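Structure file upload_10.cif (mmCIF, C-alpha atoms) follows.
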```cif
data_model
loop_
_atom_site.label_atom_id
_atom_site.label_comp_id
_atom_site.auth_asym_id
_atom_site.auth_seq_id
_atom_site.Cartn_x
_atom_site.Cartn_y
_atom_site.Cartn_z
CA VAL K 1 10.84 18.96 -44.73
CA ALA K 2 9.80 19.73 -48.30
CA ALA K 3 10.70 17.52 -51.29
CA TYR K 4 10.20 18.66 -54.80
CA ASN K 5 11.50 17.98 -58.38
CA SER K 6 12.77 20.39 -61.02
CA GLY K 7 11.55 19.17 -64.35
CA LYS K 8 11.93 15.46 -63.59
CA SER K 9 9.22 13.01 -64.40
CA LYS K 10 7.64 11.27 -61.43
CA SER K 11 8.51 7.96 -62.99
CA GLU K 12 12.13 8.82 -63.82
CA SER K 13 14.70 7.35 -61.46
CA VAL K 14 17.19 9.76 -59.90
CA GLU K 15 20.56 8.50 -58.74
CA PRO K 16 21.91 9.95 -55.49
CA GLU K 17 25.06 11.29 -57.17
CA ASN K 18 22.93 13.26 -59.65
CA VAL K 19 21.03 15.16 -57.00
CA LEU K 20 21.39 18.87 -57.79
CA ALA K 21 22.56 21.36 -55.25
CA ASP K 22 20.72 24.26 -56.91
CA GLY K 23 17.19 23.42 -55.89
CA GLY K 24 16.89 20.03 -57.51
CA SER K 25 15.27 16.94 -55.98
CA LEU K 26 15.95 16.55 -52.24
CA LEU K 27 16.32 12.82 -51.91
CA HIS K 28 17.97 10.56 -49.37
CA GLU K 29 20.36 7.90 -50.61
CA GLY K 30 18.33 4.84 -51.45
CA ALA K 31 15.07 6.74 -51.94
CA ASP K 32 13.41 7.31 -55.32
CA VAL K 33 11.49 10.20 -56.70
CA LYS K 34 8.13 8.59 -55.97
CA GLY K 35 8.74 8.63 -52.25
CA GLY K 36 11.33 11.30 -51.83
CA LEU K 37 12.63 12.54 -48.53
CA GLU K 38 9.16 13.07 -47.17
CA THR K 39 8.32 9.37 -47.42
CA PHE K 40 11.70 8.33 -46.04
CA VAL K 41 11.55 10.68 -43.04
CA GLU K 42 7.93 9.79 -42.31
CA THR K 43 8.72 6.07 -42.46
CA GLU K 44 11.81 6.36 -40.26
CA TYR K 45 9.99 8.57 -37.76
CA ARG K 46 7.07 6.17 -37.54
CA GLN K 47 9.37 3.20 -37.00
CA GLU K 48 11.34 4.96 -34.26
CA THR K 49 8.21 6.29 -32.59
CA ASP K 50 6.52 2.88 -32.69
CA THR K 51 9.62 1.29 -31.16
CA GLU K 52 9.83 3.88 -28.37
CA TYR K 53 6.08 3.68 -27.75
CA GLY K 54 6.21 -0.08 -27.53
CA GLN K 55 9.09 0.04 -25.05
CA GLN K 56 7.35 2.63 -22.89
CA THR K 57 4.03 0.83 -22.74
CA GLN K 58 5.33 -2.63 -21.88
CA PRO K 59 3.86 -3.42 -18.44
CA GLU K 60 6.33 -4.09 -15.67
CA LYS K 61 6.19 -7.52 -14.13
CA GLU K 62 4.34 -7.40 -10.83
CA PRO K 63 6.09 -9.04 -7.84
CA GLU K 64 4.53 -12.38 -7.00
CA VAL K 65 2.92 -13.17 -3.66
CA GLU K 66 4.59 -16.08 -1.91
CA SER K 67 4.03 -18.20 1.18
CA TRP K 68 6.93 -19.56 3.21
CA THR K 69 8.01 -20.58 6.73
CA ASP K 70 11.11 -19.21 8.45
CA GLU K 71 13.58 -21.13 10.61
CA GLU K 72 11.60 -20.34 13.77
CA GLY K 73 8.36 -21.77 12.39
CA ASN K 74 6.56 -18.49 11.63
CA GLU K 75 4.51 -18.55 8.42
CA TYR K 76 4.54 -15.60 6.01
CA THR K 77 2.40 -14.64 3.02
CA GLY K 78 3.28 -11.64 0.88
CA ILE K 79 6.02 -10.27 -1.35
CA ARG K 80 9.46 -11.51 -0.40
CA GLN K 81 12.54 -9.39 -1.04
CA ASN K 82 16.03 -10.46 0.03
CA GLY K 83 14.47 -13.32 1.97
CA THR K 84 12.14 -11.14 4.08
CA LEU K 85 8.58 -9.87 3.82
CA GLN K 86 8.22 -6.34 2.42
CA GLY K 87 5.09 -4.24 2.08
CA THR K 88 1.70 -5.61 3.05
CA GLY K 89 1.39 -9.21 4.18
CA ILE K 90 0.44 -11.73 6.86
CA CYS K 91 2.54 -13.44 9.52
CA LYS K 92 1.23 -16.39 11.52
CA LEU K 93 3.41 -16.74 14.59
CA LYS K 94 4.25 -20.22 15.77
CA GLU K 95 2.80 -19.29 19.20
CA GLY K 96 -0.60 -18.76 17.56
CA GLY K 97 -0.92 -15.00 17.09
CA VAL K 98 -1.49 -13.47 13.64
CA TYR K 99 -0.36 -10.09 12.34
CA GLU K 100 -1.80 -8.64 9.13
CA GLY K 101 -0.61 -5.30 7.80
CA GLU K 102 2.52 -3.45 6.77
CA PHE K 103 6.03 -4.91 7.08
CA SER K 104 9.59 -3.65 6.76
CA ASN K 105 12.43 -6.18 6.54
CA GLY K 106 10.11 -8.92 7.80
CA ILE K 107 9.05 -6.97 10.92
CA PRO K 108 5.61 -5.38 11.53
CA HIS K 109 6.09 -1.71 10.77
CA GLY K 110 3.19 0.60 9.97
CA LYS K 111 -0.57 0.11 10.18
CA GLY K 112 -1.76 -3.36 11.05
CA VAL K 113 -3.96 -5.70 13.06
CA TYR K 114 -2.60 -8.18 15.58
CA THR K 115 -4.92 -11.03 16.63
CA ARG K 116 -3.86 -12.72 19.85
CA GLU K 117 -4.16 -16.42 20.61
CA ASP K 118 -7.33 -15.75 22.67
CA GLY K 119 -9.01 -13.99 19.72
CA ALA K 120 -8.53 -10.41 20.94
CA LYS K 121 -7.51 -7.92 18.23
CA LEU K 122 -5.31 -4.85 18.46
CA VAL K 123 -5.68 -2.37 15.61
CA GLY K 124 -3.09 0.37 15.35
CA VAL K 125 0.40 1.44 14.37
CA PHE K 126 3.48 -0.73 14.84
CA VAL K 127 7.11 0.41 14.92
CA ASN K 128 9.82 -2.24 14.58
CA GLY K 129 7.45 -4.95 15.78
CA ILE K 130 6.07 -3.02 18.78
CA ILE K 131 2.60 -1.49 18.80
CA THR K 132 2.94 2.20 19.66
CA GLU K 133 -0.57 3.45 18.94
CA VAL K 134 -3.80 1.52 19.40
CA THR K 135 -6.85 2.88 17.62
CA GLU K 136 -9.06 -0.06 18.57
CA PHE K 137 -8.89 -3.08 20.85
CA GLU K 138 -11.45 -5.86 20.36
CA PHE K 139 -11.69 -8.31 23.25
CA SER K 140 -12.49 -11.96 22.67
CA ASN K 141 -15.79 -11.53 24.59
CA GLY K 142 -17.05 -8.91 22.11
CA ASP K 143 -16.13 -5.78 24.08
CA ARG K 144 -14.30 -3.05 22.15
CA PHE K 145 -12.08 -0.25 23.42
CA GLU K 146 -11.15 2.98 21.62
CA GLY K 147 -8.73 5.39 23.24
CA SER K 148 -5.27 5.89 24.70
CA TRP K 149 -2.90 2.97 25.05
CA ASN K 150 0.39 2.40 26.88
CA GLU K 151 0.95 -1.36 26.86
CA ASP K 152 -2.64 -1.52 28.15
CA LEU K 153 -5.74 0.68 28.47
CA ASP K 154 -4.20 3.89 29.76
CA GLY K 155 -5.61 7.41 29.54
CA ASP K 156 -8.94 8.59 28.19
CA GLY K 157 -11.05 6.15 26.23
CA THR K 158 -14.40 4.48 25.64
CA MET K 159 -15.30 0.85 26.26
CA TYR K 160 -18.14 -0.52 24.12
CA TYR K 161 -19.57 -3.61 25.80
CA GLY K 162 -21.09 -6.48 23.89
CA THR K 163 -24.25 -6.02 25.95
CA GLY K 164 -24.88 -2.60 24.37
CA GLU K 165 -23.57 -0.54 27.30
CA ARG K 166 -20.56 1.76 27.18
CA TYR K 167 -18.28 3.65 29.53
CA GLU K 168 -16.41 6.87 28.72
CA GLY K 169 -13.71 7.93 31.11
CA HIS K 170 -10.15 7.58 32.32
CA TRP K 171 -8.19 4.34 32.47
CA LYS K 172 -4.98 3.31 34.18
CA ASN K 173 -3.11 0.02 33.75
CA GLY K 174 -6.15 -1.51 32.07
CA GLU K 175 -8.61 -0.47 34.82
CA LYS K 176 -11.16 2.34 35.15
CA ASP K 177 -9.61 5.07 37.25
CA GLY K 178 -11.05 8.52 37.85
CA ASP K 179 -14.25 10.16 36.68
CA GLY K 180 -16.35 8.91 33.82
CA ILE K 181 -19.84 8.48 32.38
CA TYR K 182 -21.68 5.19 32.13
CA TYR K 183 -24.38 4.65 29.45
CA ASP K 184 -26.81 1.76 29.70
CA LYS K 185 -28.12 -0.05 26.61
CA ASP K 186 -31.09 2.34 26.49
CA GLY K 187 -28.78 5.37 26.34
CA GLU K 188 -29.44 6.57 29.90
CA SER K 189 -26.28 8.08 31.44
CA SER K 190 -24.88 8.40 34.96
CA LYS K 191 -21.63 9.81 36.33
CA GLN K 192 -19.22 7.41 38.00
CA THR K 193 -15.93 7.63 39.86
CA TRP K 194 -13.47 4.72 39.90
CA SER K 195 -10.22 3.99 41.70
CA GLU K 196 -8.03 1.27 40.21
CA GLY K 197 -11.04 -0.63 38.89
CA VAL K 198 -13.20 -0.18 41.97
CA LEU K 199 -16.39 1.93 41.86
CA VAL K 200 -16.36 4.55 44.65
#
```

Here is a file; write its structure as structure tokens.
Amino acid sequence: VAAYNSGKSKSESVEPENVLADGGSLLHEGADVKGGLETFVETEYRQETDTEYGQQTQPEKEPEVESWTDEEGNEYTGIRQNGTLQGTGICKLKEGGVYEGEFSNGIPHGKGVYTREDGAKLVGVFVNGIITEVTEFEFSNGDRFEGSWNEDLDGDGTMYYGTGERYEGHWKNGEKDGDGIYYDKDGESSKQTWSEGVLV
């Protein structure tokens, strides 16, 4: 927007009603010749822009982490929405087990770790409170299993023993079953065949 004067002194005041329509001073009501429309528009634009910028950059309030106990005696720590745990949090069951991971409506749902009362840990994916995929199972004695899971060790997998040995093979109902390879702590291997947990 251009503002200019036709023969007016910079110090001479111009009333709004005297603004000429034939190329005279382009002034907004309330402005004077010193500032003109340029100053008015620039000032208004800056004020509006600053206001919008300030509103856009105000940080949103982060949800607060809470700790509470439900009616059944289970302890929760995390973000509570509509009275239940949402997102990532921790639940200490009254029976002694602990689940840490993702929740939906207060129920384990997503990736998480469940530590049993005996210290064993199941790492995997939970759906509506039930573990459907186990990526790792740590026993309380230090042994660790990685492989297929169907309510227990079931399918192909590897057991890493706390002694440094390991066994790779097939499992059924939590027992070695079928062909596999045993590795001692020095890395020496030997083939083995098992039937329901019994070496044959």

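The space separating atom CA of K:Lys94 from atom CA of K:Glu72 comes to 7.6 Å.
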
Matched chain/residue IDs from the PyMOL selection byres ((chain K and resi 145-161) around 7), as an NGL selection string: :K and (133-138 or 142-144 or 162-174)

Once the PyMOL selection byres ((chain K and resi 101-114) around 6) has been evaluated on this model, what residues remain selected, and can you format them as a CSV table (one decimal) with C-alpha atoms, keeping the file's coordinate frame?
```csv
chain,number,residue,atom,x,y,z
K,84,THR,CA,12.1,-11.1,4.1
K,85,LEU,CA,8.6,-9.9,3.8
K,86,GLN,CA,8.2,-6.3,2.4
K,87,GLY,CA,5.1,-4.2,2.1
K,88,THR,CA,1.7,-5.6,3.0
K,89,GLY,CA,1.4,-9.2,4.2
K,98,VAL,CA,-1.5,-13.5,13.6
K,99,TYR,CA,-0.4,-10.1,12.3
K,100,GLU,CA,-1.8,-8.6,9.1
K,115,THR,CA,-4.9,-11.0,16.6
K,121,LYS,CA,-7.5,-7.9,18.2
K,122,LEU,CA,-5.3,-4.8,18.5
K,123,VAL,CA,-5.7,-2.4,15.6
K,124,GLY,CA,-3.1,0.4,15.4
K,125,VAL,CA,0.4,1.4,14.4
K,126,PHE,CA,3.5,-0.7,14.8
K,127,VAL,CA,7.1,0.4,14.9
K,128,ASN,CA,9.8,-2.2,14.6
K,129,GLY,CA,7.4,-5.0,15.8
```

Please write as a PDB file with C-alpha atoms, in the frame of the given file the full residue list that the PyMOL selection byres ((chain K and resi 117) around 7) yields on this file.
```pdb
ATOM      1  CA  GLY K  96      -0.600 -18.760  17.560  1.00  0.00           C
ATOM      2  CA  GLY K  97      -0.920 -15.000  17.090  1.00  0.00           C
ATOM      3  CA  THR K 115      -4.920 -11.030  16.630  1.00  0.00           C
ATOM      4  CA  ARG K 116      -3.860 -12.720  19.850  1.00  0.00           C
ATOM      5  CA  ASP K 118      -7.330 -15.750  22.670  1.00  0.00           C
ATOM      6  CA  GLY K 119      -9.010 -13.990  19.720  1.00  0.00           C
TER       7      GLY K 119
END
```

Which distance in Å separates atom CA of K:Ile90 and atom CA of K:Ile130, to one decimal? 15.8 Å

For K:Asp70, the closest of K:Cys91, K:Val200, K:Ala120, K:Phe139 counting all atoms listed in the file is K:Cys91

K:Val65 surroundings by only C-alpha atoms, 8 Å radius, close-in-sequence under 2 positions cut, as a list in words: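 These residues fall inside the cut-off: Pro63, Ser67, Thr77, Gly78, Ile79 and Arg80 of chain K.
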
Please, what distance in Å, to one decimal, runs between atom CA of K:Tyr182 and atom CA of K:Glu196?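 If I compute the distance from atom CA of K:Tyr182 to atom CA of K:Glu196, I get 16.3 Å.
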
Could you add all heavy atoms to stretch 127-138 of chain K and give me the result as an mmCIF file, keeping the file's coordinate frame?
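Now in selection30.cif:
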```
data_model
loop_
_atom_site.group_PDB
_atom_site.id
_atom_site.type_symbol
_atom_site.label_atom_id
_atom_site.label_comp_id
_atom_site.auth_asym_id
_atom_site.auth_seq_id
_atom_site.Cartn_x
_atom_site.Cartn_y
_atom_site.Cartn_z
ATOM 1 N N VAL K 127 5.781 -0.092 15.253
ATOM 2 C CA VAL K 127 7.110 0.410 14.920
ATOM 3 C C VAL K 127 8.123 -0.640 15.327
ATOM 4 O O VAL K 127 8.253 -0.970 16.514
ATOM 5 C CB VAL K 127 7.412 1.751 15.628
ATOM 6 C CG1 VAL K 127 8.841 2.193 15.325
ATOM 7 C CG2 VAL K 127 6.431 2.821 15.189
ATOM 8 N N ASN K 128 8.820 -1.195 14.332
ATOM 9 C CA ASN K 128 9.820 -2.240 14.580
ATOM 10 C C ASN K 128 9.265 -3.379 15.428
ATOM 11 O O ASN K 128 9.909 -3.859 16.364
ATOM 12 C CB ASN K 128 11.065 -1.639 15.241
ATOM 13 C CG ASN K 128 11.788 -0.663 14.332
ATOM 14 O OD1 ASN K 128 11.843 -0.862 13.118
ATOM 15 N ND2 ASN K 128 12.329 0.392 14.909
ATOM 16 N N GLY K 129 8.047 -3.801 15.124
ATOM 17 C CA GLY K 129 7.450 -4.950 15.780
ATOM 18 C C GLY K 129 6.711 -4.644 17.066
ATOM 19 O O GLY K 129 6.106 -5.541 17.661
ATOM 20 N N ILE K 130 6.728 -3.398 17.519
ATOM 21 C CA ILE K 130 6.070 -3.020 18.780
ATOM 22 C C ILE K 130 4.916 -2.074 18.468
ATOM 23 O O ILE K 130 5.082 -1.095 17.735
ATOM 24 C CB ILE K 130 7.062 -2.337 19.734
ATOM 25 C CG1 ILE K 130 8.203 -3.299 20.071
ATOM 26 C CG2 ILE K 130 6.349 -1.878 21.003
ATOM 27 C CD1 ILE K 130 9.300 -2.671 20.907
ATOM 28 N N ILE K 131 3.745 -2.367 19.029
ATOM 29 C CA ILE K 131 2.600 -1.490 18.800
ATOM 30 C C ILE K 131 2.760 -0.226 19.637
ATOM 31 O O ILE K 131 2.976 -0.280 20.845
ATOM 32 C CB ILE K 131 1.268 -2.209 19.120
ATOM 33 C CG1 ILE K 131 0.089 -1.361 18.647
ATOM 34 C CG2 ILE K 131 1.167 -2.601 20.586
ATOM 35 C CD1 ILE K 131 -1.216 -2.113 18.567
ATOM 36 N N THR K 132 2.727 0.921 18.980
ATOM 37 C CA THR K 132 2.940 2.200 19.660
ATOM 38 C C THR K 132 1.669 3.040 19.745
ATOM 39 O O THR K 132 1.610 3.984 20.519
ATOM 40 C CB THR K 132 4.020 3.014 18.929
ATOM 41 O OG1 THR K 132 3.600 3.236 17.573
ATOM 42 C CG2 THR K 132 5.348 2.268 18.921
ATOM 43 N N GLU K 133 0.692 2.702 18.934
ATOM 44 C CA GLU K 133 -0.570 3.450 18.940
ATOM 45 C C GLU K 133 -1.713 2.494 18.645
ATOM 46 O O GLU K 133 -1.731 1.838 17.605
ATOM 47 C CB GLU K 133 -0.527 4.551 17.876
ATOM 48 C CG GLU K 133 -1.804 5.372 17.779
ATOM 49 C CD GLU K 133 -1.742 6.398 16.661
ATOM 50 O OE1 GLU K 133 -0.630 6.727 16.208
ATOM 51 O OE2 GLU K 133 -2.825 6.850 16.239
ATOM 52 N N VAL K 134 -2.647 2.394 19.574
ATOM 53 C CA VAL K 134 -3.800 1.520 19.400
ATOM 54 C C VAL K 134 -5.024 2.369 19.112
ATOM 55 O O VAL K 134 -5.386 3.245 19.902
ATOM 56 C CB VAL K 134 -4.041 0.649 20.664
ATOM 57 C CG1 VAL K 134 -5.327 -0.144 20.515
ATOM 58 C CG2 VAL K 134 -2.879 -0.295 20.896
ATOM 59 N N THR K 135 -5.630 2.137 17.958
ATOM 60 C CA THR K 135 -6.850 2.880 17.620
ATOM 61 C C THR K 135 -8.091 2.087 18.016
ATOM 62 O O THR K 135 -9.165 2.652 18.164
ATOM 63 C CB THR K 135 -6.891 3.172 16.114
ATOM 64 O OG1 THR K 135 -6.777 1.945 15.379
ATOM 65 C CG2 THR K 135 -5.741 4.084 15.720
ATOM 66 N N GLU K 136 -7.919 0.776 18.199
ATOM 67 C CA GLU K 136 -9.060 -0.060 18.570
ATOM 68 C C GLU K 136 -8.558 -1.375 19.160
ATOM 69 O O GLU K 136 -7.574 -1.940 18.692
ATOM 70 C CB GLU K 136 -9.926 -0.341 17.347
ATOM 71 C CG GLU K 136 -11.236 -1.040 17.640
ATOM 72 C CD GLU K 136 -12.096 -1.158 16.386
ATOM 73 O OE1 GLU K 136 -12.237 -0.149 15.664
ATOM 74 O OE2 GLU K 136 -12.601 -2.262 16.144
ATOM 75 N N PHE K 137 -9.232 -1.811 20.215
ATOM 76 C CA PHE K 137 -8.890 -3.080 20.850
ATOM 77 C C PHE K 137 -10.178 -3.888 21.003
ATOM 78 O O PHE K 137 -11.076 -3.496 21.729
ATOM 79 C CB PHE K 137 -8.242 -2.831 22.210
ATOM 80 C CG PHE K 137 -7.736 -4.068 22.901
ATOM 81 C CD1 PHE K 137 -7.664 -5.296 22.246
ATOM 82 C CD2 PHE K 137 -7.317 -4.009 24.223
ATOM 83 C CE1 PHE K 137 -7.192 -6.434 22.892
ATOM 84 C CE2 PHE K 137 -6.838 -5.135 24.878
ATOM 85 C CZ PHE K 137 -6.779 -6.345 24.209
ATOM 86 N N GLU K 138 -10.260 -4.990 20.282
ATOM 87 C CA GLU K 138 -11.450 -5.860 20.360
ATOM 88 C C GLU K 138 -11.133 -7.056 21.248
ATOM 89 O O GLU K 138 -10.231 -7.840 20.956
ATOM 90 C CB GLU K 138 -11.852 -6.335 18.967
ATOM 91 C CG GLU K 138 -12.270 -5.225 18.022
ATOM 92 C CD GLU K 138 -12.687 -5.747 16.661
ATOM 93 O OE1 GLU K 138 -12.849 -6.986 16.532
ATOM 94 O OE2 GLU K 138 -12.841 -4.928 15.740
#
```
